[in-house]
$ cat input-v5.cif   # mmCIF, N, CA and C atoms
data_my_file
loop_
_atom_site.group_PDB
_atom_site.id
_atom_site.type_symbol
_atom_site.label_atom_id
_atom_site.label_comp_id
_atom_site.auth_asym_id
_atom_site.auth_seq_id
_atom_site.Cartn_x
_atom_site.Cartn_y
_atom_site.Cartn_z
ATOM 1 N N MET A 1 0.848 -1.172 0.000
ATOM 2 C CA MET A 1 0.000 0.000 0.000
ATOM 3 C C MET A 1 0.893 1.234 0.000
ATOM 4 N N SER A 2 0.419 2.256 -0.682
ATOM 5 C CA SER A 2 1.180 3.501 -0.659
ATOM 6 C C SER A 2 0.308 4.670 -1.083
ATOM 7 N N ILE A 3 0.769 5.843 -0.670
ATOM 8 C CA ILE A 3 0.128 7.099 -1.046
ATOM 9 C C ILE A 3 1.215 8.019 -1.571
ATOM 10 N N LYS A 4 0.947 8.640 -2.706
ATOM 11 C CA LYS A 4 1.885 9.618 -3.262
ATOM 12 C C LYS A 4 1.143 10.936 -3.431
ATOM 13 N N LYS A 5 1.727 12.012 -2.930
ATOM 14 C CA LYS A 5 1.114 13.339 -3.024
ATOM 15 C C LYS A 5 1.932 14.203 -3.976
ATOM 16 N N GLN A 6 1.238 14.838 -4.926
ATOM 17 C CA GLN A 6 1.899 15.751 -5.855
ATOM 18 C C GLN A 6 1.120 17.067 -5.849
ATOM 19 N N PHE A 7 1.726 18.098 -5.267
ATOM 20 C CA PHE A 7 1.053 19.390 -5.177
ATOM 21 C C PHE A 7 1.161 20.133 -6.503
ATOM 22 N N ILE A 8 0.056 20.758 -6.905
ATOM 23 C CA ILE A 8 -0.014 21.505 -8.155
ATOM 24 C C ILE A 8 0.203 22.989 -7.822
ATOM 25 N N LYS A 9 1.214 23.592 -8.421
ATOM 26 C CA LYS A 9 1.551 24.982 -8.104
ATOM 27 C C LYS A 9 0.492 25.969 -8.573
ATOM 28 N N THR A 10 -0.191 25.654 -9.668
ATOM 29 C CA THR A 10 -1.140 26.608 -10.247
ATOM 30 C C THR A 10 -2.566 26.457 -9.732
ATOM 31 N N LYS A 11 -2.825 25.426 -8.916
ATOM 32 C CA LYS A 11 -4.174 25.183 -8.394
ATOM 33 C C LYS A 11 -4.092 24.849 -6.910
ATOM 34 N N PRO A 12 -5.170 25.110 -6.163
ATOM 35 C CA PRO A 12 -5.167 24.756 -4.740
ATOM 36 C C PRO A 12 -5.549 23.296 -4.513
ATOM 37 N N VAL A 13 -4.940 22.391 -5.292
ATOM 38 C CA VAL A 13 -5.240 20.965 -5.187
ATOM 39 C C VAL A 13 -3.953 20.147 -5.125
ATOM 40 N N CYS A 14 -4.119 18.903 -4.747
ATOM 41 C CA CYS A 14 -3.022 17.950 -4.707
ATOM 42 C C CYS A 14 -3.476 16.696 -5.451
ATOM 43 N N LYS A 15 -2.626 16.194 -6.337
ATOM 44 C CA LYS A 15 -2.919 14.918 -6.992
ATOM 45 C C LYS A 15 -2.431 13.820 -6.054
ATOM 46 N N VAL A 16 -3.368 12.993 -5.611
ATOM 47 C CA VAL A 16 -3.030 11.919 -4.678
ATOM 48 C C VAL A 16 -3.192 10.590 -5.402
ATOM 49 N N THR A 17 -2.120 9.806 -5.395
ATOM 50 C CA THR A 17 -2.147 8.475 -5.997
ATOM 51 C C THR A 17 -2.257 7.451 -4.880
ATOM 52 N N PHE A 18 -3.324 6.664 -4.928
ATOM 53 C CA PHE A 18 -3.538 5.579 -3.972
ATOM 54 C C PHE A 18 -3.182 4.276 -4.667
ATOM 55 N N SER A 19 -2.372 3.445 -4.023
ATOM 56 C CA SER A 19 -1.999 2.138 -4.566
ATOM 57 C C SER A 19 -2.147 1.086 -3.473
ATOM 58 N N VAL A 20 -2.747 -0.028 -3.841
ATOM 59 C CA VAL A 20 -2.888 -1.124 -2.887
ATOM 60 C C VAL A 20 -2.703 -2.442 -3.641
ATOM 61 N N GLU A 21 -1.839 -3.299 -3.086
ATOM 62 C CA GLU A 21 -1.598 -4.598 -3.701
ATOM 63 C C GLU A 21 -2.656 -5.572 -3.217
ATOM 64 N N ALA A 22 -3.371 -6.155 -4.160
ATOM 65 C CA ALA A 22 -4.434 -7.121 -3.838
ATOM 66 C C ALA A 22 -4.593 -8.065 -5.026
ATOM 67 N N LYS A 23 -3.614 -8.918 -5.215
ATOM 68 C CA LYS A 23 -3.559 -9.790 -6.402
ATOM 69 C C LYS A 23 -4.784 -10.682 -6.558
ATOM 70 N N GLU A 24 -5.332 -11.157 -5.455
ATOM 71 C CA GLU A 24 -6.467 -12.074 -5.510
ATOM 72 C C GLU A 24 -7.816 -11.354 -5.623
ATOM 73 N N ALA A 25 -7.823 -10.051 -5.393
ATOM 74 C CA ALA A 25 -9.077 -9.283 -5.376
ATOM 75 C C ALA A 25 -9.594 -9.021 -6.788
ATOM 76 N N THR A 26 -10.902 -8.846 -6.875
ATOM 77 C CA THR A 26 -11.510 -8.496 -8.158
ATOM 78 C C THR A 26 -11.879 -7.016 -8.220
ATOM 79 N N THR A 27 -12.146 -6.387 -7.060
ATOM 80 C CA THR A 27 -12.476 -4.963 -7.034
ATOM 81 C C THR A 27 -11.789 -4.285 -5.853
ATOM 82 N N ALA A 28 -11.461 -3.015 -6.045
ATOM 83 C CA ALA A 28 -10.903 -2.203 -4.966
ATOM 84 C C ALA A 28 -11.265 -0.752 -5.211
ATOM 85 N N SER A 29 -11.569 -0.056 -4.128
ATOM 86 C CA SER A 29 -11.895 1.369 -4.177
ATOM 87 C C SER A 29 -11.255 2.044 -2.979
ATOM 88 N N VAL A 30 -11.094 3.363 -3.091
ATOM 89 C CA VAL A 30 -10.716 4.157 -1.931
ATOM 90 C C VAL A 30 -11.945 5.003 -1.599
ATOM 91 N N VAL A 31 -12.383 4.912 -0.351
ATOM 92 C CA VAL A 31 -13.580 5.638 0.079
ATOM 93 C C VAL A 31 -13.223 6.510 1.268
ATOM 94 N N GLY A 32 -13.835 7.700 1.314
ATOM 95 C CA GLY A 32 -13.533 8.590 2.419
ATOM 96 C C GLY A 32 -14.344 9.861 2.367
ATOM 97 N N ASP A 33 -13.941 10.808 3.221
ATOM 98 C CA ASP A 33 -14.618 12.100 3.296
ATOM 99 C C ASP A 33 -14.651 12.813 1.949
ATOM 100 N N PHE A 34 -13.618 12.619 1.143
ATOM 101 C CA PHE A 34 -13.494 13.346 -0.123
ATOM 102 C C PHE A 34 -14.458 12.864 -1.202
ATOM 103 N N ASN A 35 -15.064 11.684 -1.036
ATOM 104 C CA ASN A 35 -16.046 11.200 -2.020
ATOM 105 C C ASN A 35 -17.307 10.650 -1.361
ATOM 106 N N ASN A 36 -17.609 11.154 -0.172
ATOM 107 C CA ASN A 36 -18.810 10.747 0.578
ATOM 108 C C ASN A 36 -18.878 9.239 0.796
ATOM 109 N N TRP A 37 -17.727 8.604 0.930
ATOM 110 C CA TRP A 37 -17.632 7.164 1.185
ATOM 111 C C TRP A 37 -18.322 6.354 0.082
ATOM 112 N N ASN A 38 -18.254 6.873 -1.142
ATOM 113 C CA ASN A 38 -18.898 6.251 -2.299
ATOM 114 C C ASN A 38 -17.863 5.423 -3.063
ATOM 115 N N SER A 39 -18.030 4.114 -3.059
ATOM 116 C CA SER A 39 -17.047 3.233 -3.696
ATOM 117 C C SER A 39 -16.992 3.413 -5.215
ATOM 118 N N ALA A 40 -18.109 3.774 -5.834
ATOM 119 C CA ALA A 40 -18.112 3.984 -7.289
ATOM 120 C C ALA A 40 -17.244 5.185 -7.668
ATOM 121 N N GLU A 41 -17.251 6.223 -6.837
ATOM 122 C CA GLU A 41 -16.445 7.419 -7.116
ATOM 123 C C GLU A 41 -14.965 7.202 -6.807
ATOM 124 N N GLY A 42 -14.657 6.193 -6.006
ATOM 125 C CA GLY A 42 -13.272 5.938 -5.635
ATOM 126 C C GLY A 42 -12.707 4.669 -6.231
ATOM 127 N N GLU A 43 -13.303 4.204 -7.313
ATOM 128 C CA GLU A 43 -12.879 2.948 -7.924
ATOM 129 C C GLU A 43 -11.430 3.019 -8.388
ATOM 130 N N LEU A 44 -10.671 1.971 -8.085
ATOM 131 C CA LEU A 44 -9.272 1.875 -8.486
ATOM 132 C C LEU A 44 -9.145 0.891 -9.646
ATOM 133 N N SER A 45 -8.172 1.136 -10.512
ATOM 134 C CA SER A 45 -7.930 0.264 -11.669
ATOM 135 C C SER A 45 -6.909 -0.803 -11.308
ATOM 136 N N LYS A 46 -7.174 -2.036 -11.760
ATOM 137 C CA LYS A 46 -6.240 -3.126 -11.482
ATOM 138 C C LYS A 46 -5.180 -3.197 -12.572
ATOM 139 N N LEU A 47 -3.923 -3.183 -12.143
ATOM 140 C CA LEU A 47 -2.800 -3.291 -13.062
ATOM 141 C C LEU A 47 -2.424 -4.764 -13.238
ATOM 142 N N LYS A 48 -1.608 -5.049 -14.241
ATOM 143 C CA LYS A 48 -1.220 -6.433 -14.536
ATOM 144 C C LYS A 48 -0.480 -7.104 -13.387
ATOM 145 N N ASN A 49 0.211 -6.323 -12.563
ATOM 146 C CA ASN A 49 0.979 -6.903 -11.456
ATOM 147 C C ASN A 49 0.131 -7.175 -10.212
ATOM 148 N N GLY A 50 -1.189 -6.910 -10.294
ATOM 149 C CA GLY A 50 -2.085 -7.181 -9.186
ATOM 150 C C GLY A 50 -2.310 -6.006 -8.255
ATOM 151 N N THR A 51 -1.699 -4.878 -8.558
ATOM 152 C CA THR A 51 -1.875 -3.670 -7.748
ATOM 153 C C THR A 51 -3.056 -2.873 -8.285
ATOM 154 N N PHE A 52 -3.865 -2.344 -7.385
ATOM 155 C CA PHE A 52 -4.945 -1.429 -7.759
ATOM 156 C C PHE A 52 -4.437 -0.010 -7.545
ATOM 157 N N LYS A 53 -4.744 0.879 -8.496
ATOM 158 C CA LYS A 53 -4.191 2.225 -8.442
ATOM 159 C C LYS A 53 -5.206 3.241 -8.949
ATOM 160 N N GLY A 54 -5.189 4.431 -8.362
ATOM 161 C CA GLY A 54 -6.052 5.516 -8.818
ATOM 162 C C GLY A 54 -5.466 6.856 -8.409
ATOM 163 N N VAL A 55 -5.714 7.889 -9.222
ATOM 164 C CA VAL A 55 -5.229 9.238 -8.955
ATOM 165 C C VAL A 55 -6.442 10.148 -8.810
ATOM 166 N N PHE A 56 -6.441 10.949 -7.734
ATOM 167 C CA PHE A 56 -7.559 11.842 -7.446
ATOM 168 C C PHE A 56 -7.017 13.226 -7.122
ATOM 169 N N GLU A 57 -7.677 14.262 -7.646
ATOM 170 C CA GLU A 57 -7.329 15.640 -7.299
ATOM 171 C C GLU A 57 -8.163 16.047 -6.105
ATOM 172 N N LEU A 58 -7.491 16.365 -4.994
ATOM 173 C CA LEU A 58 -8.175 16.720 -3.760
ATOM 174 C C LEU A 58 -7.759 18.123 -3.317
ATOM 175 N N PRO A 59 -8.707 18.901 -2.793
ATOM 176 C CA PRO A 59 -8.365 20.235 -2.288
ATOM 177 C C PRO A 59 -7.308 20.140 -1.192
ATOM 178 N N LYS A 60 -6.309 21.045 -1.248
ATOM 179 C CA LYS A 60 -5.256 20.997 -0.235
ATOM 180 C C LYS A 60 -5.656 21.758 1.021
ATOM 181 N N ASP A 61 -4.783 21.713 2.017
ATOM 182 C CA ASP A 61 -5.021 22.307 3.337
ATOM 183 C C ASP A 61 -6.240 21.688 4.019
ATOM 184 N N THR A 62 -6.404 20.380 3.838
ATOM 185 C CA THR A 62 -7.549 19.655 4.385
ATOM 186 C C THR A 62 -7.084 18.299 4.915
ATOM 187 N N THR A 63 -7.851 17.752 5.839
ATOM 188 C CA THR A 63 -7.598 16.422 6.383
ATOM 189 C C THR A 63 -8.779 15.532 6.024
ATOM 190 N N TYR A 64 -8.494 14.316 5.566
ATOM 191 C CA TYR A 64 -9.534 13.388 5.135
ATOM 192 C C TYR A 64 -9.397 12.052 5.858
ATOM 193 N N GLU A 65 -10.520 11.482 6.291
ATOM 194 C CA GLU A 65 -10.548 10.101 6.767
ATOM 195 C C GLU A 65 -10.874 9.221 5.559
ATOM 196 N N PHE A 66 -10.235 8.050 5.494
ATOM 197 C CA PHE A 66 -10.489 7.155 4.361
ATOM 198 C C PHE A 66 -10.116 5.720 4.706
ATOM 199 N N LYS A 67 -10.554 4.806 3.840
ATOM 200 C CA LYS A 67 -10.195 3.385 3.893
ATOM 201 C C LYS A 67 -10.211 2.847 2.474
ATOM 202 N N TYR A 68 -9.584 1.703 2.287
ATOM 203 C CA TYR A 68 -9.744 0.957 1.044
ATOM 204 C C TYR A 68 -10.908 -0.005 1.234
ATOM 205 N N LEU A 69 -11.636 -0.255 0.165
ATOM 206 C CA LEU A 69 -12.687 -1.259 0.157
ATOM 207 C C LEU A 69 -12.279 -2.301 -0.870
ATOM 208 N N ILE A 70 -11.795 -3.452 -0.382
ATOM 209 C CA ILE A 70 -11.262 -4.497 -1.255
ATOM 210 C C ILE A 70 -12.184 -5.704 -1.183
ATOM 211 N N ASP A 71 -12.851 -5.990 -2.282
ATOM 212 C CA ASP A 71 -13.827 -7.088 -2.341
ATOM 213 C C ASP A 71 -14.795 -7.045 -1.155
ATOM 214 N N GLY A 72 -15.264 -5.842 -0.828
ATOM 215 C CA GLY A 72 -16.262 -5.674 0.225
ATOM 216 C C GLY A 72 -15.713 -5.590 1.642
ATOM 217 N N VAL A 73 -14.391 -5.653 1.808
ATOM 218 C CA VAL A 73 -13.764 -5.599 3.132
ATOM 219 C C VAL A 73 -13.009 -4.276 3.277
ATOM 220 N N TYR A 74 -13.272 -3.556 4.394
ATOM 221 C CA TYR A 74 -12.584 -2.295 4.645
ATOM 222 C C TYR A 74 -11.179 -2.552 5.195
ATOM 223 N N VAL A 75 -10.189 -1.837 4.627
ATOM 224 C CA VAL A 75 -8.789 -2.009 5.012
ATOM 225 C C VAL A 75 -8.161 -0.623 5.179
ATOM 226 N N ASN A 76 -7.385 -0.445 6.258
ATOM 227 C CA ASN A 76 -6.673 0.807 6.454
ATOM 228 C C ASN A 76 -5.386 0.840 5.642
ATOM 229 N N GLU A 77 -4.923 2.035 5.337
ATOM 230 C CA GLU A 77 -3.654 2.264 4.643
ATOM 231 C C GLU A 77 -2.541 2.287 5.684
ATOM 232 N N SER A 78 -1.579 1.379 5.563
ATOM 233 C CA SER A 78 -0.494 1.305 6.546
ATOM 234 C C SER A 78 0.400 2.541 6.517
ATOM 235 N N GLU A 79 0.449 3.258 5.391
ATOM 236 C CA GLU A 79 1.287 4.446 5.264
ATOM 237 C C GLU A 79 0.493 5.743 5.427
ATOM 238 N N ALA A 80 -0.662 5.670 6.079
ATOM 239 C CA ALA A 80 -1.464 6.874 6.320
ATOM 240 C C ALA A 80 -0.678 7.842 7.202
ATOM 241 N N ASP A 81 -1.048 9.122 7.143
ATOM 242 C CA ASP A 81 -0.377 10.123 7.971
ATOM 243 C C ASP A 81 -0.587 9.816 9.448
ATOM 244 N N TYR A 82 -1.765 9.348 9.799
ATOM 245 C CA TYR A 82 -2.066 8.841 11.139
ATOM 246 C C TYR A 82 -3.437 8.181 11.105
ATOM 247 N N PHE A 83 -3.894 7.670 12.244
ATOM 248 C CA PHE A 83 -5.184 6.981 12.340
ATOM 249 C C PHE A 83 -6.029 7.667 13.398
ATOM 250 N N ILE A 84 -7.343 7.623 13.223
ATOM 251 C CA ILE A 84 -8.254 8.264 14.163
ATOM 252 C C ILE A 84 -9.473 7.363 14.367
ATOM 253 N N TRP A 85 -9.934 7.297 15.627
ATOM 254 C CA TRP A 85 -11.115 6.499 15.943
ATOM 255 C C TRP A 85 -12.340 7.171 15.356
ATOM 256 N N ASN A 86 -13.192 6.385 14.695
ATOM 257 C CA ASN A 86 -14.428 6.896 14.115
ATOM 258 C C ASN A 86 -15.588 6.211 14.823
ATOM 259 N N GLU A 87 -16.369 6.986 15.553
ATOM 260 C CA GLU A 87 -17.478 6.448 16.342
ATOM 261 C C GLU A 87 -18.528 5.777 15.457
ATOM 262 N N PHE A 88 -18.811 6.359 14.282
ATOM 263 C CA PHE A 88 -19.814 5.810 13.366
ATOM 264 C C PHE A 88 -19.401 4.421 12.885
ATOM 265 N N ALA A 89 -18.143 4.287 12.496
ATOM 266 C CA ALA A 89 -17.651 3.006 11.976
ATOM 267 C C ALA A 89 -17.319 2.023 13.088
ATOM 268 N N GLY A 90 -17.059 2.558 14.294
ATOM 269 C CA GLY A 90 -16.663 1.685 15.388
ATOM 270 C C GLY A 90 -15.283 1.108 15.168
ATOM 271 N N ALA A 91 -14.419 1.844 14.458
ATOM 272 C CA ALA A 91 -13.077 1.388 14.135
ATOM 273 C C ALA A 91 -12.196 2.592 13.820
ATOM 274 N N GLU A 92 -10.901 2.343 13.698
ATOM 275 C CA GLU A 92 -10.007 3.413 13.288
ATOM 276 C C GLU A 92 -10.057 3.579 11.774
ATOM 277 N N ASN A 93 -9.930 4.827 11.333
ATOM 278 C CA ASN A 93 -9.814 5.138 9.924
ATOM 279 C C ASN A 93 -8.426 5.687 9.649
ATOM 280 N N SER A 94 -7.946 5.483 8.441
ATOM 281 C CA SER A 94 -6.720 6.121 7.986
ATOM 282 C C SER A 94 -6.982 7.602 7.813
ATOM 283 N N VAL A 95 -5.962 8.438 8.002
ATOM 284 C CA VAL A 95 -6.116 9.874 7.814
ATOM 285 C C VAL A 95 -5.053 10.362 6.838
ATOM 286 N N LEU A 96 -5.501 11.207 5.908
ATOM 287 C CA LEU A 96 -4.650 11.816 4.901
ATOM 288 C C LEU A 96 -4.645 13.314 5.118
ATOM 289 N N GLU A 97 -3.467 13.909 5.314
ATOM 290 C CA GLU A 97 -3.351 15.353 5.454
ATOM 291 C C GLU A 97 -2.745 15.915 4.178
ATOM 292 N N ILE A 98 -3.438 16.901 3.609
ATOM 293 C CA ILE A 98 -2.932 17.537 2.385
ATOM 294 C C ILE A 98 -2.747 19.006 2.666
#

$ encode --input "input-v5.cif" --output "structure tokens"
Amino acid sequence: MSIKKQFIKTKPVCKVTFSVEAKEATTASVVGDFNNWNSAEGELSKLKNGTFKGVFELPKDTTYEFKYLIDGVYVNESEADYFIWNEFAGAENSVLEI
């Protein structure tokens, strides 16, 4: 799993690349505050090596809670900026600071 942040000098956004290795999985999405936890909006593409990857432009100077949804199972990002308890989910969520 990994997150890559690329800040755009001409816009107040950051291109964030989410990557998660899931060779056996058929679907993967990144869901969070930035897409209303909607898996269709956070769908990741599967590469030939079994990694799912997607690039999203997100407003900077913001903090987002998120998780991966891999074949219907929620998974945290091990390289998240930090983790925070979410009362609604009853679990910790990954946090991304941009």

$ residues_around --input "input-v5.cif" --residues "Thr51 in chain A" --least-positions-apart "2" --cutoff "6 Å" --atoms "all atoms listed in the file" --output "PyMOL selection string"
chain A and resi 20-23+45-49+53

$ select_by_dssp --input "input-v5.cif" --residues "chain A" --states "strand (DSSP E)" --output "JSON, numbers by chain"
{"A": [2, 3, 4, 5, 6, 7, 13, 14, 15, 16, 17, 18, 19, 20, 21, 28, 29, 30, 31, 32, 45, 46, 51, 52, 53, 54, 55, 56, 57, 58, 59, 63, 64, 65, 66, 67, 68, 69, 70, 73, 74, 75, 82, 83, 84, 85, 86, 91, 92, 93, 94, 95, 96, 97]}

$ resolve_selection --input "input-v5.cif" --expression "the PyMOL selection byres ((chain A and resi 73-85) around 7)" --output "PyMOL selection string"
chain A and resi 1-3+66-72+86-88+90-97

$ atom_distance --input "input-v5.cif" --atom1 "CA of Val30 in chain A" --atom2 "CA of Gly42 in chain A"
4.8 Å

$ atom_distance --input "input-v5.cif" --atom1 "CA of Ile98 in chain A" --atom2 "CA of Gly50 in chain A"
27.3 Å

$ resolve_selection --input "input-v5.cif" --expression "the PyMOL selection byres (((chain A and resi 61 and name CA) around 12) and name CA)" --output "JSON, numbers by chain"
{"A": [7, 12, 13, 14, 58, 59, 60, 62, 63, 64, 96, 97, 98]}

$ atom_distance --input "input-v5.cif" --atom1 "atom N of Glu43 in chain A" --atom2 "atom C of Ala89 in chain A"
20.9 Å

$ resolve_selection --input "input-v5.cif" --expression "the PyMOL selection byres (((chain A and resi 15 and name CA) around 6) and name CA)" --output "JSON, numbers by chain"
{"A": [5, 6, 14, 16, 56, 57]}

$ build_atoms --input "input-v5.cif" --residues "range 47-67 of chain A" --atoms "N, CA, C and O atoms" --output "mmCIF file, keeping the file's coordinate frame"
data_model
loop_
_atom_site.group_PDB
_atom_site.id
_atom_site.type_symbol
_atom_site.label_atom_id
_atom_site.label_comp_id
_atom_site.auth_asym_id
_atom_site.auth_seq_id
_atom_site.Cartn_x
_atom_site.Cartn_y
_atom_site.Cartn_z
ATOM 1 N N LEU A 47 -3.923 -3.183 -12.143
ATOM 2 C CA LEU A 47 -2.800 -3.291 -13.062
ATOM 3 C C LEU A 47 -2.424 -4.764 -13.238
ATOM 4 O O LEU A 47 -2.841 -5.620 -12.459
ATOM 5 N N LYS A 48 -1.608 -5.049 -14.241
ATOM 6 C CA LYS A 48 -1.220 -6.433 -14.536
ATOM 7 C C LYS A 48 -0.480 -7.104 -13.387
ATOM 8 O O LYS A 48 -0.545 -8.319 -13.227
ATOM 9 N N ASN A 49 0.211 -6.323 -12.563
ATOM 10 C CA ASN A 49 0.979 -6.903 -11.456
ATOM 11 C C ASN A 49 0.131 -7.175 -10.212
ATOM 12 O O ASN A 49 0.640 -7.588 -9.174
ATOM 13 N N GLY A 50 -1.189 -6.910 -10.294
ATOM 14 C CA GLY A 50 -2.085 -7.181 -9.186
ATOM 15 C C GLY A 50 -2.310 -6.006 -8.255
ATOM 16 O O GLY A 50 -3.033 -6.119 -7.269
ATOM 17 N N THR A 51 -1.699 -4.878 -8.558
ATOM 18 C CA THR A 51 -1.875 -3.670 -7.748
ATOM 19 C C THR A 51 -3.056 -2.873 -8.285
ATOM 20 O O THR A 51 -3.231 -2.743 -9.492
ATOM 21 N N PHE A 52 -3.865 -2.344 -7.385
ATOM 22 C CA PHE A 52 -4.945 -1.429 -7.759
ATOM 23 C C PHE A 52 -4.437 -0.010 -7.545
ATOM 24 O O PHE A 52 -3.782 0.275 -6.524
ATOM 25 N N LYS A 53 -4.744 0.879 -8.496
ATOM 26 C CA LYS A 53 -4.191 2.225 -8.442
ATOM 27 C C LYS A 53 -5.206 3.241 -8.949
ATOM 28 O O LYS A 53 -5.970 2.954 -9.865
ATOM 29 N N GLY A 54 -5.189 4.431 -8.362
ATOM 30 C CA GLY A 54 -6.052 5.516 -8.818
ATOM 31 C C GLY A 54 -5.466 6.856 -8.409
ATOM 32 O O GLY A 54 -4.784 6.963 -7.389
ATOM 33 N N VAL A 55 -5.714 7.889 -9.222
ATOM 34 C CA VAL A 55 -5.229 9.238 -8.955
ATOM 35 C C VAL A 55 -6.442 10.148 -8.810
ATOM 36 O O VAL A 55 -7.346 10.138 -9.647
ATOM 37 N N PHE A 56 -6.441 10.949 -7.734
ATOM 38 C CA PHE A 56 -7.559 11.842 -7.446
ATOM 39 C C PHE A 56 -7.017 13.226 -7.122
ATOM 40 O O PHE A 56 -6.008 13.352 -6.430
ATOM 41 N N GLU A 57 -7.677 14.262 -7.646
ATOM 42 C CA GLU A 57 -7.329 15.640 -7.299
ATOM 43 C C GLU A 57 -8.163 16.047 -6.105
ATOM 44 O O GLU A 57 -9.387 16.073 -6.175
ATOM 45 N N LEU A 58 -7.491 16.365 -4.994
ATOM 46 C CA LEU A 58 -8.175 16.720 -3.760
ATOM 47 C C LEU A 58 -7.759 18.123 -3.317
ATOM 48 O O LEU A 58 -6.589 18.485 -3.454
ATOM 49 N N PRO A 59 -8.707 18.901 -2.793
ATOM 50 C CA PRO A 59 -8.365 20.235 -2.288
ATOM 51 C C PRO A 59 -7.308 20.140 -1.192
ATOM 52 O O PRO A 59 -7.372 19.263 -0.324
ATOM 53 N N LYS A 60 -6.309 21.045 -1.248
ATOM 54 C CA LYS A 60 -5.256 20.997 -0.235
ATOM 55 C C LYS A 60 -5.656 21.758 1.021
ATOM 56 O O LYS A 60 -6.726 22.354 1.070
ATOM 57 N N ASP A 61 -4.783 21.713 2.017
ATOM 58 C CA ASP A 61 -5.021 22.307 3.337
ATOM 59 C C ASP A 61 -6.240 21.688 4.019
ATOM 60 O O ASP A 61 -7.027 22.377 4.666
ATOM 61 N N THR A 62 -6.404 20.380 3.838
ATOM 62 C CA THR A 62 -7.549 19.655 4.385
ATOM 63 C C THR A 62 -7.084 18.299 4.915
ATOM 64 O O THR A 62 -6.075 17.765 4.479
ATOM 65 N N THR A 63 -7.851 17.752 5.839
ATOM 66 C CA THR A 63 -7.598 16.422 6.383
ATOM 67 C C THR A 63 -8.779 15.532 6.024
ATOM 68 O O THR A 63 -9.926 15.944 6.156
ATOM 69 N N TYR A 64 -8.494 14.316 5.566
ATOM 70 C CA TYR A 64 -9.534 13.388 5.135
ATOM 71 C C TYR A 64 -9.397 12.052 5.858
ATOM 72 O O TYR A 64 -8.293 11.525 5.974
ATOM 73 N N GLU A 65 -10.520 11.482 6.291
ATOM 74 C CA GLU A 65 -10.548 10.101 6.767
ATOM 75 C C GLU A 65 -10.874 9.221 5.559
ATOM 76 O O GLU A 65 -11.689 9.592 4.721
ATOM 77 N N PHE A 66 -10.235 8.050 5.494
ATOM 78 C CA PHE A 66 -10.489 7.155 4.361
ATOM 79 C C PHE A 66 -10.116 5.720 4.706
ATOM 80 O O PHE A 66 -9.455 5.444 5.701
ATOM 81 N N LYS A 67 -10.554 4.806 3.840
ATOM 82 C CA LYS A 67 -10.195 3.385 3.893
ATOM 83 C C LYS A 67 -10.211 2.847 2.474
ATOM 84 O O LYS A 67 -10.805 3.446 1.579
#
